[in-house]
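Peer 1: Just passing along the structure, written as structure tokens.
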2 protein chains.
Amino acid sequence: MKAYLAGPDVFLPNARDNALAKIAICAAYGITGRPPLNEALGDVTAMPEDIAWRLIFRSDIEMMEECDIIIANLTPFRGASADAGTLIEVGWFLGRRKNVFGYSNSATLFAARSQAHIAAVPDPLPGLMVEGFGLPDNLMIPGAVEAGGGLPIILPADGEDRAFAALDVFEACVAAAARKLGLA
Amino acid sequence: MKAYLAGPDVFLPNARDNALAKIAICAAYGITGRPPLNEALGDVTAMPEDIAWRLIFRSDIEMMEECDIIIANLTPFRGASADAGTLIEVGWFLGRRKNVFGYSNSATLFAARSQAHIAAVPDPLPGLMVEGFGLPDNLMIPGAVEAGGGLPIILPADGEDRAFAALDVFEACVAAAARKLGLA
């Protein structure tokens, strides 16, 4: 069972160590974690930008094709919602009819995060709706996770926000996914 | 040719009028525009939240299944990137091997928007990478649009940011999609 480990984790200064820690957690639950670090591509920063980004995109899609499930880090990233690239990948797995699992290190609901965002960066026009529903993000995200894997987005069980790169909620998500898939 | 009209347009105070204007533009190019307004569901605000959001999710997915292509409004929404729900939908269409087209009313590149976001709302830890590549958003988004429809994300041709709900860049996107699909 190969899992694509999606998330803004690739932007961490210690992205490789973080990926190795996630792989080790997955292994303990019978899952082969695949992080999209694209190390086989070499130094993409030395390439022309229009070549580099397409190589990374194709490499990510190839890894997604090889994986059976996605385990997505849906922690908010530079905005009220989860990381943009991660959301494309979650949608892709649902579209491909592969299992989708996800977690967030934020215990704060989407409506409250949206209001906080608007307070810091005003909306471009008045009257734009703030989505609620008591959900952790835009309804398409818990919808994709529930439709794709049969579970909610896994959140901090104690209701406390975690540090951005904390891995205990990730481990709870891997454990729940493994149970759902009959691996544990 | 049915097009799913994805975007944060559903959050506009005049969402219905906006949707009708988009449908009229699509019709001029031989495309049947389908906006996910979910009017057939009735007043979802009168329903329990956990019923309402699942009805909306299922209704959106059903409309996506019925559509041949997606034309996505990728204008940034409450953060450095495009609207979260729209991104799930773009990924889904790519995963389903259906055509993907998209536009943005922002002419500002992703790296500059990310830096502006960090200035207003500091990152949760130091050293998080800012993605560049001269792209309008996280590389997975122009990647999905290019892989799914053969075109770049359509941007304001004069390099000037548009108002959030402006429709001239949408029309340029519809025209480009129609040409690509041999409709015009």
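Residues are named by chain letter and number: chains run A, B, ... in the order of the structure tokens, numbers start at 1 in each chain, and ligands are numbered from 1 in the order shown.
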Report as an MDAnalysis selection string: the residues of chain A with a DSSP assignment of strand (DSSP E), based on the backbone of this structure.
Peer 2: chainID A and resid 2:6 32:34 69:73 99:103
Peer 1: Show me which bits of chain A are within 7 Å of chain B, counting only C-alpha atoms, as a CSV table (one decimal) with C-alpha atoms, in the first residue's frame.
Peer 2:
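To be explicit, this is the file written out as part_1.csv:
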```
chain,number,residue,atom,x,y,z
A,11,PHE,CA,8.5,23.9,1.8
A,12,LEU,CA,9.9,23.2,5.3
A,13,PRO,CA,13.6,24.1,5.8
A,49,GLU,CA,12.3,28.1,-14.3
A,50,ASP,CA,10.0,27.0,-17.2
A,53,TRP,CA,8.5,23.6,-12.7
A,54,ARG,CA,7.2,21.3,-15.5
A,57,PHE,CA,4.8,18.7,-11.9
A,78,ARG,CA,-0.6,31.2,3.7
A,79,GLY,CA,-4.3,31.8,3.9
A,80,ALA,CA,-7.5,30.6,5.4
A,81,SER,CA,-7.3,27.2,3.7
A,84,ALA,CA,-3.0,25.0,-2.9
A,85,GLY,CA,-0.8,22.3,-4.5
A,87,LEU,CA,-5.7,20.6,-2.8
A,88,ILE,CA,-5.0,19.9,-6.5
A,89,GLU,CA,-3.6,16.5,-5.5
A,90,VAL,CA,-6.5,15.7,-3.1
A,91,GLY,CA,-8.9,16.4,-6.0
A,92,TRP,CA,-6.9,14.4,-8.4
A,93,PHE,CA,-7.0,11.3,-6.1
A,94,LEU,CA,-10.8,11.6,-5.7
A,95,GLY,CA,-11.1,12.0,-9.5
A,96,ARG,CA,-9.0,8.9,-10.0
A,117,HIS,CA,-7.9,36.4,7.7
A,120,ALA,CA,-5.6,40.9,8.6
A,121,VAL,CA,-6.2,41.2,4.9
A,124,PRO,CA,-11.5,42.7,-2.1
A,127,GLY,CA,-20.4,41.1,1.2
A,128,LEU,CA,-18.4,38.1,0.2
A,129,MET,CA,-19.8,35.1,2.1
A,133,PHE,CA,-21.0,24.5,8.5
A,138,ASN,CA,-14.0,24.8,2.6
A,139,LEU,CA,-16.7,22.0,2.3
A,140,MET,CA,-15.1,20.5,-0.8
A,141,ILE,CA,-12.1,19.4,1.3
A,143,GLY,CA,-16.2,16.3,1.3
A,164,PHE,CA,3.0,23.8,12.0
```
Peer 1: Between A:Leu20, A:Gly102, A:Met64, A:Ala184, which has the minimum distance to Lys2 in chain A (counting only C-alpha atoms)?
Peer 2: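 Between A:Leu20, A:Gly102, A:Met64, A:Ala184, the residue approaching Lys2 in chain A most closely is A:Met64.
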Peer 1: Quick one: residues within 12 Å of Gly182 in chain B, only C-alpha atoms, excluding same-chain residues fewer than 2 positions away - as a list in words?
Peer 2: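 Here the qualifying residues turn out to be Met1, Tyr29, Gly30, Ile31, Ala175, Ala176, Ala177, Ala178, Arg179, Lys180 and Ala184 of chain B.
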Peer 1: I need the residues from that last selection saved to file as a PDB file, in the first residue's frame (with N, CA and C atoms), if you can.
Peer 2:
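Listing of part31.pdb after writing:
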```
ATOM      1  N   MET B   1     -21.240  20.828 -25.377  1.00  0.00           N
ATOM      2  CA  MET B   1     -20.068  20.937 -24.493  1.00  0.00           C
ATOM      3  C   MET B   1     -20.463  21.660 -23.213  1.00  0.00           C
ATOM      4  N   TYR B  29     -19.920  31.409 -27.200  1.00  0.00           N
ATOM      5  CA  TYR B  29     -18.805  30.616 -27.734  1.00  0.00           C
ATOM      6  C   TYR B  29     -19.174  29.135 -27.879  1.00  0.00           C
ATOM      7  N   GLY B  30     -20.466  28.844 -27.856  1.00  0.00           N
ATOM      8  CA  GLY B  30     -20.903  27.462 -28.094  1.00  0.00           C
ATOM      9  C   GLY B  30     -20.736  26.531 -26.904  1.00  0.00           C
ATOM     10  N   ILE B  31     -20.632  27.095 -25.699  1.00  0.00           N
ATOM     11  CA  ILE B  31     -20.421  26.300 -24.483  1.00  0.00           C
ATOM     12  C   ILE B  31     -21.605  26.488 -23.530  1.00  0.00           C
ATOM     13  N   ALA B 175     -13.044  32.104 -24.679  1.00  0.00           N
ATOM     14  CA  ALA B 175     -12.700  32.182 -26.107  1.00  0.00           C
ATOM     15  C   ALA B 175     -11.523  31.252 -26.422  1.00  0.00           C
ATOM     16  N   ALA B 176     -10.498  31.257 -25.565  1.00  0.00           N
ATOM     17  CA  ALA B 176      -9.319  30.407 -25.789  1.00  0.00           C
ATOM     18  C   ALA B 176      -9.689  28.929 -25.677  1.00  0.00           C
ATOM     19  N   ALA B 177     -10.545  28.602 -24.714  1.00  0.00           N
ATOM     20  CA  ALA B 177     -10.986  27.208 -24.553  1.00  0.00           C
ATOM     21  C   ALA B 177     -11.776  26.758 -25.772  1.00  0.00           C
ATOM     22  N   ALA B 178     -12.677  27.624 -26.257  1.00  0.00           N
ATOM     23  CA  ALA B 178     -13.507  27.274 -27.419  1.00  0.00           C
ATOM     24  C   ALA B 178     -12.622  27.030 -28.648  1.00  0.00           C
ATOM     25  N   ARG B 179     -11.598  27.877 -28.832  1.00  0.00           N
ATOM     26  CA  ARG B 179     -10.665  27.664 -29.957  1.00  0.00           C
ATOM     27  C   ARG B 179      -9.934  26.331 -29.787  1.00  0.00           C
ATOM     28  N   LYS B 180      -9.471  26.067 -28.589  1.00  0.00           N
ATOM     29  CA  LYS B 180      -8.718  24.826 -28.317  1.00  0.00           C
ATOM     30  C   LYS B 180      -9.578  23.600 -28.585  1.00  0.00           C
ATOM     31  N   ALA B 184     -14.841  27.223 -32.030  1.00  0.00           N
ATOM     32  CA  ALA B 184     -14.888  28.581 -32.594  1.00  0.00           C
ATOM     33  C   ALA B 184     -13.691  28.771 -33.526  1.00  0.00           C
TER      34      ALA B 184
END
```
Peer 1: Write out as a list in words which residues come within 6 Å of Thr75 in chain A when counting only C-alpha atoms, dropping same-chain ones fewer than 4 positions away.
Peer 2: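 Final neighbour list, sorted by chain and number: Ala82, Ser104, Asn105 and Ser106 of chain A.
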Peer 1: Distance CA of Val100 in chain A-CA of Pro35 in chain A, one decimal place?
Peer 2: 15.4 Å
Peer 1: Determine which residues of range 33-148 of chain A DSSP labels as helix (DSSP H, G or I) from the backbone of this structure, then write them out as number ranges by chain.
Peer 2: A: 39-41, 44-46, 49-66, 84-95, 110-120, 140-148
Peer 1: Please provide as a ChimeraX atom specification all residues within 6 Å of Ala72 in chain B, with the sequence filter that same-chain residues fewer than 2 positions apart are discarded (counting only C-alpha atoms).
Peer 2: /B:6-7,70,74,102
Peer 1: Nearest residue to Leu151 in chain A out of A:Tyr103, A:Asp168, A:Pro136, A:Ala21, using only C-alpha atoms?
Peer 2: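 Looking at the shortest contact to Leu151 in chain A, the residue is A:Tyr103.
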Peer 1: State, in Å with one decimal place, the distance from CA of Gly149 in chain B to CA of Gly42 in chain A.
Peer 2: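 Straight-line distance from CA of Gly149 in chain B to CA of Gly42 in chain A works out to 28.4 Å.
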Peer 1: Go through A:Asn73, A:Asp68, A:Ala3, A:Ala111 and flag the residue nearest Ala166 in chain A, using only C-alpha atoms for the distances.
Peer 2: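 The closest residue to Ala166 in chain A is A:Asn73.
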